[in-house]
>>> print(open('final-v6.cif').read())   # mmCIF, C-alpha atoms
data_final
#
loop_
_atom_site.group_PDB
_atom_site.id
_atom_site.type_symbol
_atom_site.label_atom_id
_atom_site.label_comp_id
_atom_site.auth_asym_id
_atom_site.auth_seq_id
_atom_site.Cartn_x
_atom_site.Cartn_y
_atom_site.Cartn_z
ATOM 1 C CA MET V 1 -4.500 -0.605 -12.426
ATOM 2 C CA GLU V 2 -3.813 -3.559 -14.710
ATOM 3 C CA ILE V 3 -4.550 -7.224 -14.100
ATOM 4 C CA HIS V 4 -1.311 -9.204 -13.666
ATOM 5 C CA SER V 5 -1.244 -12.986 -13.636
ATOM 6 C CA GLU V 6 1.521 -13.142 -11.036
ATOM 7 C CA LEU V 7 3.247 -10.584 -8.843
ATOM 8 C CA SER V 8 5.980 -11.152 -6.268
ATOM 9 C CA ASP V 9 4.271 -8.713 -3.872
ATOM 10 C CA VAL V 10 1.093 -10.814 -3.923
ATOM 11 C CA SER V 11 3.182 -13.937 -3.351
ATOM 12 C CA ARG V 12 4.799 -12.302 -0.297
ATOM 13 C CA TYR V 13 1.391 -11.281 0.997
ATOM 14 C CA LEU V 14 -0.010 -14.782 0.645
ATOM 15 C CA ALA V 15 3.051 -16.282 2.320
ATOM 16 C CA SER V 16 2.394 -14.054 5.337
ATOM 17 C CA LYS V 17 -1.191 -15.375 5.560
ATOM 18 C CA GLN V 18 -0.530 -19.091 5.202
ATOM 19 C CA HIS V 19 -0.901 -19.693 8.937
ATOM 20 C CA LEU V 20 -4.455 -18.350 9.075
ATOM 21 C CA ARG V 21 -7.473 -20.606 9.456
ATOM 22 C CA LEU V 22 -10.895 -19.516 8.277
ATOM 23 C CA GLU V 23 -12.150 -19.582 11.863
ATOM 24 C CA ASP V 24 -9.435 -17.069 12.801
ATOM 25 C CA MET V 25 -11.304 -14.477 10.740
ATOM 26 C CA LYS V 26 -14.697 -15.119 12.345
ATOM 27 C CA PRO V 27 -14.404 -12.248 14.899
ATOM 28 C CA ASP V 28 -13.716 -9.764 12.073
ATOM 29 C CA TYR V 29 -16.554 -11.254 10.031
ATOM 30 C CA ASP V 30 -18.996 -10.935 12.930
ATOM 31 C CA ALA V 31 -17.904 -7.341 13.580
ATOM 32 C CA HIS V 32 -18.433 -6.351 9.953
ATOM 33 C CA ILE V 33 -21.858 -7.957 9.734
ATOM 34 C CA ARG V 34 -22.857 -6.346 13.038
ATOM 35 C CA ALA V 35 -21.659 -2.902 11.901
ATOM 36 C CA VAL V 36 -23.760 -2.880 8.735
ATOM 37 C CA SER V 37 -26.762 -4.550 10.360
ATOM 38 C CA LYS V 38 -27.141 -1.530 12.658
ATOM 39 C CA PHE V 39 -28.193 0.505 9.625
ATOM 40 C CA LYS V 40 -29.143 -2.031 6.933
ATOM 41 C CA PRO V 41 -30.699 -5.427 7.765
ATOM 42 C CA ILE V 42 -28.841 -8.414 6.274
ATOM 43 C CA ALA V 43 -30.684 -11.632 5.468
ATOM 44 C CA PRO V 44 -30.031 -14.761 3.370
ATOM 45 C CA SER V 45 -31.976 -13.035 0.593
ATOM 46 C CA SER V 46 -29.631 -10.001 0.604
ATOM 47 C CA ARG V 47 -27.502 -9.705 -2.514
ATOM 48 C CA MET V 48 -23.965 -8.647 -1.650
ATOM 49 C CA ILE V 49 -20.548 -8.291 -3.263
ATOM 50 C CA GLU V 50 -17.086 -7.683 -1.839
ATOM 51 C CA VAL V 51 -14.840 -5.491 -3.979
ATOM 52 C CA GLY V 52 -11.276 -6.673 -3.462
ATOM 53 C CA THR V 53 -11.619 -10.030 -1.723
ATOM 54 C CA GLY V 54 -7.955 -10.517 -0.801
ATOM 55 C CA THR V 55 -7.540 -14.011 0.617
ATOM 56 C CA GLY V 56 -11.293 -14.552 0.263
ATOM 57 C CA TRP V 57 -12.173 -15.026 3.931
ATOM 58 C CA PHE V 58 -15.234 -12.775 3.865
ATOM 59 C CA PRO V 59 -17.202 -14.386 1.001
ATOM 60 C CA LEU V 60 -16.159 -17.808 2.307
ATOM 61 C CA LEU V 61 -17.547 -17.064 5.773
ATOM 62 C CA CYS V 62 -20.690 -15.598 4.209
ATOM 63 C CA GLU V 63 -21.232 -18.852 2.338
ATOM 64 C CA GLN V 64 -20.570 -20.839 5.485
ATOM 65 C CA SER V 65 -23.120 -18.674 7.347
ATOM 66 C CA GLY V 66 -25.832 -19.001 4.708
ATOM 67 C CA LEU V 67 -25.420 -15.537 3.172
ATOM 68 C CA HIS V 68 -24.893 -14.754 -0.500
ATOM 69 C CA CYS V 69 -21.798 -12.664 -1.229
ATOM 70 C CA GLU V 70 -20.081 -12.493 -4.595
ATOM 71 C CA GLY V 71 -16.559 -11.189 -5.027
ATOM 72 C CA LEU V 72 -14.594 -9.025 -7.452
ATOM 73 C CA GLU V 73 -10.805 -9.349 -7.315
ATOM 74 C CA ILE V 74 -8.049 -7.952 -9.541
ATOM 75 C CA SER V 75 -5.446 -10.625 -8.713
ATOM 76 C CA PRO V 76 -5.745 -14.135 -10.210
ATOM 77 C CA GLN V 77 -3.352 -15.349 -7.495
ATOM 78 C CA LEU V 78 -5.712 -14.218 -4.759
ATOM 79 C CA ILE V 79 -8.718 -15.816 -6.452
ATOM 80 C CA GLU V 80 -6.846 -19.108 -6.758
ATOM 81 C CA HIS V 81 -5.879 -18.922 -3.097
ATOM 82 C CA ALA V 82 -9.498 -18.275 -2.047
ATOM 83 C CA GLU V 83 -10.713 -21.237 -4.091
ATOM 84 C CA GLN V 84 -8.093 -23.546 -2.606
ATOM 85 C CA TRP V 85 -8.776 -22.276 0.906
ATOM 86 C CA GLY V 86 -12.503 -22.722 0.464
ATOM 87 C CA ALA V 87 -12.084 -26.264 -0.892
ATOM 88 C CA ARG V 88 -10.558 -27.314 2.430
ATOM 89 C CA TYR V 89 -13.861 -26.377 4.084
ATOM 90 C CA GLY V 90 -16.160 -27.657 1.344
ATOM 91 C CA LEU V 91 -16.884 -24.094 0.192
ATOM 92 C CA LYS V 92 -16.694 -22.579 -3.280
ATOM 93 C CA PRO V 93 -16.507 -18.765 -3.380
ATOM 94 C CA LYS V 94 -18.122 -16.897 -6.261
ATOM 95 C CA ILE V 95 -15.260 -14.529 -7.049
ATOM 96 C CA ARG V 96 -14.712 -13.140 -10.525
ATOM 97 C CA LEU V 97 -11.647 -11.471 -11.988
ATOM 98 C CA GLY V 98 -12.027 -7.772 -12.674
ATOM 99 C CA ASN V 99 -10.909 -4.197 -12.047
ATOM 100 C CA ILE V 100 -13.446 -1.904 -10.381
ATOM 101 C CA GLU V 101 -11.710 1.110 -11.953
ATOM 102 C CA GLU V 102 -12.320 -0.046 -15.511
ATOM 103 C CA ALA V 103 -15.855 -1.413 -15.463
ATOM 104 C CA GLY V 104 -18.955 -1.174 -13.350
ATOM 105 C CA ILE V 105 -20.496 -4.054 -11.430
ATOM 106 C CA GLY V 106 -24.048 -3.441 -12.542
ATOM 107 C CA GLU V 107 -26.850 -1.033 -11.718
ATOM 108 C CA ASN V 108 -29.239 -1.254 -8.749
ATOM 109 C CA LEU V 109 -28.172 -4.850 -8.067
ATOM 110 C CA TYR V 110 -26.748 -5.072 -4.564
ATOM 111 C CA ASP V 111 -28.078 -4.563 -1.063
ATOM 112 C CA VAL V 112 -24.559 -4.305 0.392
ATOM 113 C CA VAL V 113 -21.133 -3.687 -1.131
ATOM 114 C CA TRP V 114 -18.176 -4.532 1.092
ATOM 115 C CA SER V 115 -14.783 -2.857 0.699
ATOM 116 C CA ASN V 116 -12.229 -3.798 3.344
ATOM 117 C CA SER V 117 -8.700 -2.374 3.053
ATOM 118 C CA VAL V 118 -8.958 -2.006 -0.725
ATOM 119 C CA PHE V 119 -9.484 1.644 -1.671
ATOM 120 C CA GLU V 120 -5.970 2.635 -0.608
ATOM 121 C CA HIS V 121 -4.749 0.462 -3.497
ATOM 122 C CA ILE V 122 -7.171 1.845 -6.120
ATOM 123 C CA GLU V 123 -5.489 4.620 -8.046
ATOM 124 C CA GLN V 124 -8.699 6.011 -9.591
ATOM 125 C CA TRP V 125 -10.666 5.582 -6.411
ATOM 126 C CA ARG V 126 -13.399 8.129 -7.088
ATOM 127 C CA LEU V 127 -14.280 6.367 -10.326
ATOM 128 C CA ALA V 128 -14.430 3.082 -8.417
ATOM 129 C CA LEU V 129 -16.682 4.680 -5.798
ATOM 130 C CA ASN V 130 -19.069 5.885 -8.506
ATOM 131 C CA HIS V 131 -19.251 2.362 -9.913
ATOM 132 C CA ILE V 132 -20.113 1.009 -6.466
ATOM 133 C CA TYR V 133 -22.765 3.675 -5.890
ATOM 134 C CA THR V 134 -24.393 2.838 -9.208
ATOM 135 C CA ALA V 135 -24.411 -0.873 -8.357
ATOM 136 C CA LEU V 136 -26.226 -0.372 -5.034
ATOM 137 C CA LYS V 137 -29.992 -0.564 -4.798
ATOM 138 C CA PRO V 138 -31.775 2.471 -3.326
ATOM 139 C CA GLY V 139 -31.239 2.187 0.414
ATOM 140 C CA GLY V 140 -28.260 -0.116 -0.124
ATOM 141 C CA ALA V 141 -25.160 0.100 2.056
ATOM 142 C CA LEU V 142 -21.447 0.495 1.414
ATOM 143 C CA PHE V 143 -19.148 -0.867 4.128
ATOM 144 C CA PHE V 144 -15.801 0.904 3.817
ATOM 145 C CA ILE V 145 -12.501 0.404 5.654
ATOM 146 C CA SER V 146 -9.262 1.973 4.469
ATOM 147 C CA THR V 147 -6.206 3.944 5.546
ATOM 148 C CA ASN V 148 -6.166 6.909 7.930
ATOM 149 C CA LYS V 149 -3.370 9.326 7.106
ATOM 150 C CA PHE V 150 -2.438 10.475 10.612
ATOM 151 C CA ARG V 151 -2.411 7.150 12.435
ATOM 152 C CA PHE V 152 0.850 6.589 14.271
ATOM 153 C CA LYS V 153 1.551 2.972 13.286
ATOM 154 C CA SER V 154 1.029 1.990 9.678
ATOM 155 C CA SER V 155 -0.472 -1.284 8.537
ATOM 156 C CA GLU V 156 0.874 -0.633 5.046
ATOM 157 C CA TYR V 157 4.609 -0.468 5.696
ATOM 158 C CA ASP V 158 6.860 -0.533 8.747
ATOM 159 C CA PHE V 159 8.490 2.902 8.691
ATOM 160 C CA PRO V 160 8.155 5.735 11.252
ATOM 161 C CA LEU V 161 5.081 7.860 10.454
ATOM 162 C CA TYR V 162 4.955 6.265 7.012
ATOM 163 C CA ASP V 163 1.340 7.248 6.377
ATOM 164 C CA TRP V 164 2.102 10.916 7.090
ATOM 165 C CA LEU V 165 4.514 11.148 4.158
ATOM 166 C CA PRO V 166 3.440 12.905 0.933
ATOM 167 C CA ASP V 167 2.364 10.477 -1.802
ATOM 168 C CA GLN V 168 5.478 10.776 -3.947
ATOM 169 C CA MET V 169 7.781 10.233 -0.972
ATOM 170 C CA ARG V 170 5.885 7.080 -0.021
ATOM 171 C CA TYR V 171 6.122 5.803 -3.580
ATOM 172 C CA ARG V 172 9.857 6.463 -3.835
ATOM 173 C CA LEU V 173 10.515 4.830 -0.466
ATOM 174 C CA ARG V 174 8.630 1.666 -1.373
ATOM 175 C CA VAL V 175 10.195 1.383 -4.840
ATOM 176 C CA ALA V 176 13.686 1.874 -3.395
ATOM 177 C CA ARG V 177 13.135 -0.839 -0.783
ATOM 178 C CA GLN V 178 10.870 -3.288 -2.617
ATOM 179 C CA GLY V 179 11.439 -2.657 -6.320
ATOM 180 C CA PRO V 180 9.276 -1.094 -9.054
ATOM 181 C CA GLU V 181 6.790 -3.991 -9.097
ATOM 182 C CA ILE V 182 5.266 -2.662 -5.871
ATOM 183 C CA MET V 183 3.601 0.079 -7.941
ATOM 184 C CA LYS V 184 1.596 -2.467 -9.934
ATOM 185 C CA LEU V 185 -0.726 -3.428 -7.100
ATOM 186 C CA GLY V 186 0.705 -3.401 -3.577
ATOM 187 C CA ILE V 187 1.349 0.309 -3.096
ATOM 188 C CA ASP V 188 -1.001 2.461 -1.035
ATOM 189 C CA PHE V 189 -1.825 5.104 -3.612
ATOM 190 C CA ASN V 190 -4.126 6.806 -1.107
ATOM 191 C CA GLN V 191 -3.923 7.824 2.523
ATOM 192 C CA PHE V 192 -7.417 9.020 3.426
ATOM 193 C CA ARG V 193 -8.805 11.408 6.025
ATOM 194 C CA TYR V 194 -12.263 11.419 7.577
ATOM 195 C CA PRO V 195 -13.309 14.929 6.417
ATOM 196 C CA GLN V 196 -12.118 14.143 2.889
ATOM 197 C CA LEU V 197 -14.107 10.916 2.696
ATOM 198 C CA ARG V 198 -17.259 12.420 4.219
ATOM 199 C CA ARG V 199 -17.204 15.119 1.567
ATOM 200 C CA VAL V 200 -16.664 12.678 -1.311
ATOM 201 C CA PHE V 201 -19.354 10.297 -0.070
ATOM 202 C CA ARG V 202 -21.831 13.198 0.009
ATOM 203 C CA GLU V 203 -20.769 14.348 -3.460
ATOM 204 C CA THR V 204 -21.209 10.814 -4.786
ATOM 205 C CA GLY V 205 -24.821 10.828 -3.600
ATOM 206 C CA PHE V 206 -24.912 8.832 -0.366
ATOM 207 C CA THR V 207 -27.739 10.129 1.824
ATOM 208 C CA LYS V 208 -26.562 8.833 5.207
ATOM 209 C CA ILE V 209 -22.919 8.562 6.254
ATOM 210 C CA TYR V 210 -21.933 6.870 9.503
ATOM 211 C CA ASP V 211 -18.309 7.033 10.671
ATOM 212 C CA ARG V 212 -16.351 4.832 13.045
ATOM 213 C CA ILE V 213 -17.800 6.427 16.179
ATOM 214 C CA ASP V 214 -21.335 5.786 14.916
ATOM 215 C CA VAL V 215 -20.480 2.204 13.931
ATOM 216 C CA SER V 216 -18.616 1.231 17.117
ATOM 217 C CA ARG V 217 -20.266 -0.624 19.959
ATOM 218 C CA VAL V 218 -20.791 1.258 23.218
ATOM 219 C CA GLU V 219 -21.709 -1.646 25.493
ATOM 220 C CA GLY V 220 -19.234 -2.310 28.274
ATOM 221 C CA GLU V 221 -17.172 -0.274 30.729
ATOM 222 C CA GLY V 222 -13.730 -0.511 29.126
ATOM 223 C CA LEU V 223 -11.798 2.614 28.125
ATOM 224 C CA LYS V 224 -12.637 2.187 24.443
ATOM 225 C CA HIS V 225 -16.373 1.976 25.129
ATOM 226 C CA ARG V 226 -16.279 5.001 27.424
ATOM 227 C CA MET V 227 -14.387 7.029 24.823
ATOM 228 C CA VAL V 228 -16.922 6.130 22.133
ATOM 229 C CA ARG V 229 -19.813 7.209 24.360
ATOM 230 C CA MET V 230 -18.076 10.497 25.142
ATOM 231 C CA ALA V 231 -17.202 11.112 21.473
ATOM 232 C CA ARG V 232 -20.817 10.683 20.411
ATOM 233 C CA SER V 233 -21.782 13.718 22.472
ATOM 234 C CA ASN V 234 -18.581 15.740 22.005
ATOM 235 C CA PRO V 235 -17.864 16.736 18.369
ATOM 236 C CA LEU V 236 -14.322 17.949 19.131
ATOM 237 C CA LEU V 237 -13.362 14.701 20.847
ATOM 238 C CA ARG V 238 -14.917 12.766 17.968
ATOM 239 C CA GLU V 239 -12.721 14.526 15.423
ATOM 240 C CA VAL V 240 -9.571 14.097 17.504
ATOM 241 C CA ILE V 241 -10.185 10.370 17.863
ATOM 242 C CA LEU V 242 -11.001 9.958 14.192
ATOM 243 C CA THR V 243 -7.928 11.937 13.104
ATOM 244 C CA PHE V 244 -5.480 9.608 14.828
ATOM 245 C CA CYS V 245 -7.245 6.212 14.931
ATOM 246 C CA ASP V 246 -5.865 3.290 12.949
ATOM 247 C CA ALA V 247 -8.322 3.258 10.020
ATOM 248 C CA THR V 248 -11.144 5.066 8.263
ATOM 249 C CA VAL V 249 -14.388 3.149 8.793
ATOM 250 C CA PHE V 250 -17.746 4.083 7.282
ATOM 251 C CA VAL V 251 -21.177 2.685 6.554
ATOM 252 C CA CYS V 252 -22.852 4.737 3.836
ATOM 253 C CA LEU V 253 -26.472 4.376 2.665
ATOM 254 C CA LYS V 254 -27.626 5.216 -0.852
#
>>> encode(input="final-v6.cif", output="structure tokens")
Amino acid sequence: MEIHSELSDVSRYLASKQHLRLEDMKPDYDAHIRAVSKFKPIAPSSRMIEVGTGTGWFPLLCEQSGLHCEGLEISPQLIEHAEQWGARYGLKPKIRLGNIEEAGIGENLYDVVWSNSVFEHIEQWRLALNHIYTALKPGGALFFISTNKFRFKSSEYDFPLYDWLPDQMRYRLRVARQGPEIMKLGIDFNQFRYPQLRRVFRETGFTKIYDRIDVSRVEGEGLKHRMVRMARSNPLLREVILTFCDATVFVCLK
């Protein structure tokens, strides 16, 4: 992927997020911190980076909470938005421009690397994953959220069973409806599956791999909590749930 100073798809994305306040993202922030903290303690001394910061809400909320989280983002538009958003709260995010496909982010530097809804847009995603693995300290954690191929309602594009389509069909559909610029950044190059990602994480070198069932909370008596508890003791139910749920979610330890 190349760095582009301005893209209409990014402009559309930002327009759809203009209504959001930083406090609107606090529940997601708390959930992410809680998920990783189950397996890797997070403290103000922890060194962290988010790969693909989007609007910048995560590093901004880290700063507001007294945590240190850098950012790497391929879109100058998104970095500018994050800086402007942060300025309204007296915050200044530490986000640098870069492409995780093309260059590493260091070696044995980070306690946690965050990647939220980014890897679907990284064409050479295995190369990017290797760069992240190298950048983690021994025992460091990768927090990973991305697409799940057999979910029924897509968050990428509103089209019946869009995620189920073969790659080339998805690409042609999006280009026909949104124009060729969509292939520069906004397209979902990848629709992942849990078995595929488990295998690649192991091949990359991660020693412990926790999926969405492991990460999810089990407290409470609601249907979701009961299903999680059942899935933890029933491998078949676990795989059925993971096959059709709305995202792939992992915490992986180096």
>>> closest_residue(input="final-v6.cif", among="V:Val51, V:Ala43, V:Leu60, V:Cys69", to="Leu97 (chain V)", atoms="all atoms listed in the file")
V:Val51
>>> residues_around(input="final-v6.cif", residues="region 202-212 of chain V", least_positions_apart="2", cutoff="9 Å", atoms="all atoms listed in the file", output="number ranges by chain")
V: 39, 126, 129-130, 133, 139, 194, 197-200, 214-216, 242, 247-254
>>> resolve_selection(input="final-v6.cif", expression="the PyMOL selection byres ((chain V and resi 156-168) around 12)", output="PyMOL selection string")
chain V and resi 13+117-118+120-121+123+146-155+169-175+177-178+182-183+186-193+243-244+246-247
>>> resolve_selection(input="final-v6.cif", expression="the PyMOL selection byres ((chain V and resi 132) around 9)", output="PyMOL selection string")
chain V and resi 51+100+104-107+113+127-131+133-136+142
>>> closest_residue(input="final-v6.cif", among="V:Arg229, V:His32, V:Lys137, V:Lys26", to="Ser46 (chain V)", atoms="all atoms listed in the file")
V:Lys137
>>> resolve_selection(input="final-v6.cif", expression="the PyMOL selection byres ((chain V and resi 45) around 12)", output="PDB file with C-alpha atoms, keeping the file's coordinate frame")
ATOM      1  CA  PRO V  41     -30.699  -5.427   7.765  1.00  0.00           C
ATOM      2  CA  ILE V  42     -28.841  -8.414   6.274  1.00  0.00           C
ATOM      3  CA  ALA V  43     -30.684 -11.632   5.468  1.00  0.00           C
ATOM      4  CA  PRO V  44     -30.031 -14.761   3.370  1.00  0.00           C
ATOM      5  CA  SER V  46     -29.631 -10.001   0.604  1.00  0.00           C
ATOM      6  CA  ARG V  47     -27.502  -9.705  -2.514  1.00  0.00           C
ATOM      7  CA  MET V  48     -23.965  -8.647  -1.650  1.00  0.00           C
ATOM      8  CA  GLY V  66     -25.832 -19.001   4.708  1.00  0.00           C
ATOM      9  CA  LEU V  67     -25.420 -15.537   3.172  1.00  0.00           C
ATOM     10  CA  HIS V  68     -24.893 -14.754  -0.500  1.00  0.00           C
ATOM     11  CA  CYS V  69     -21.798 -12.664  -1.229  1.00  0.00           C
ATOM     12  CA  TYR V 110     -26.748  -5.072  -4.564  1.00  0.00           C
ATOM     13  CA  ASP V 111     -28.078  -4.563  -1.063  1.00  0.00           C
ATOM     14  CA  VAL V 112     -24.559  -4.305   0.392  1.00  0.00           C
TER      15      VAL V 112
END
>>> closest_atom_pairs(input="final-v6.cif", of="region 41-74 of chain V", to="region 78-96 of chain V", cutoff="7 Å", atoms="only C-alpha atoms", output="CSV")
residue,atom,partner,partner_atom,distance
V:Gly54,CA,V:Leu78,CA,5.9
V:Thr55,CA,V:Ala82,CA,5.4
V:Gly56,CA,V:Ala82,CA,4.7
V:Pro59,CA,V:Pro93,CA,6.2
V:Leu60,CA,V:Pro93,CA,5.8
V:Glu70,CA,V:Lys94,CA,5.1
V:Gly71,CA,V:Ile95,CA,4.1
V:Leu72,CA,V:Arg96,CA,5.1
V:Glu73,CA,V:Arg96,CA,6.3
>>> atom_distance(input="final-v6.cif", atom1="CA of Gln124 (chain V)", atom2="CA of Lys17 (chain V)")
27.3 Å
>>> atom_distance(input="final-v6.cif", atom1="CA of Phe58 (chain V)", atom2="CA of Phe143 (chain V)")
12.5 Å
>>> atom_distance(input="final-v6.cif", atom1="CA of Ile74 (chain V)", atom2="CA of Met1 (chain V)")
8.7 Å
>>> residues_around(input="final-v6.cif", residues="Lys40 (chain V)", least_positions_apart="2", cutoff="8 Å", atoms="all atoms listed in the file", output="list in words")
Val36, Ser37, Lys38, Ile42, Gly140 and Ala141 of chain V
>>> closest_residue(input="final-v6.cif", among="V:Glu50, V:Glu219, V:Glu102, V:Glu23", to="Ser65 (chain V)", atoms="all atoms listed in the file")
V:Glu23
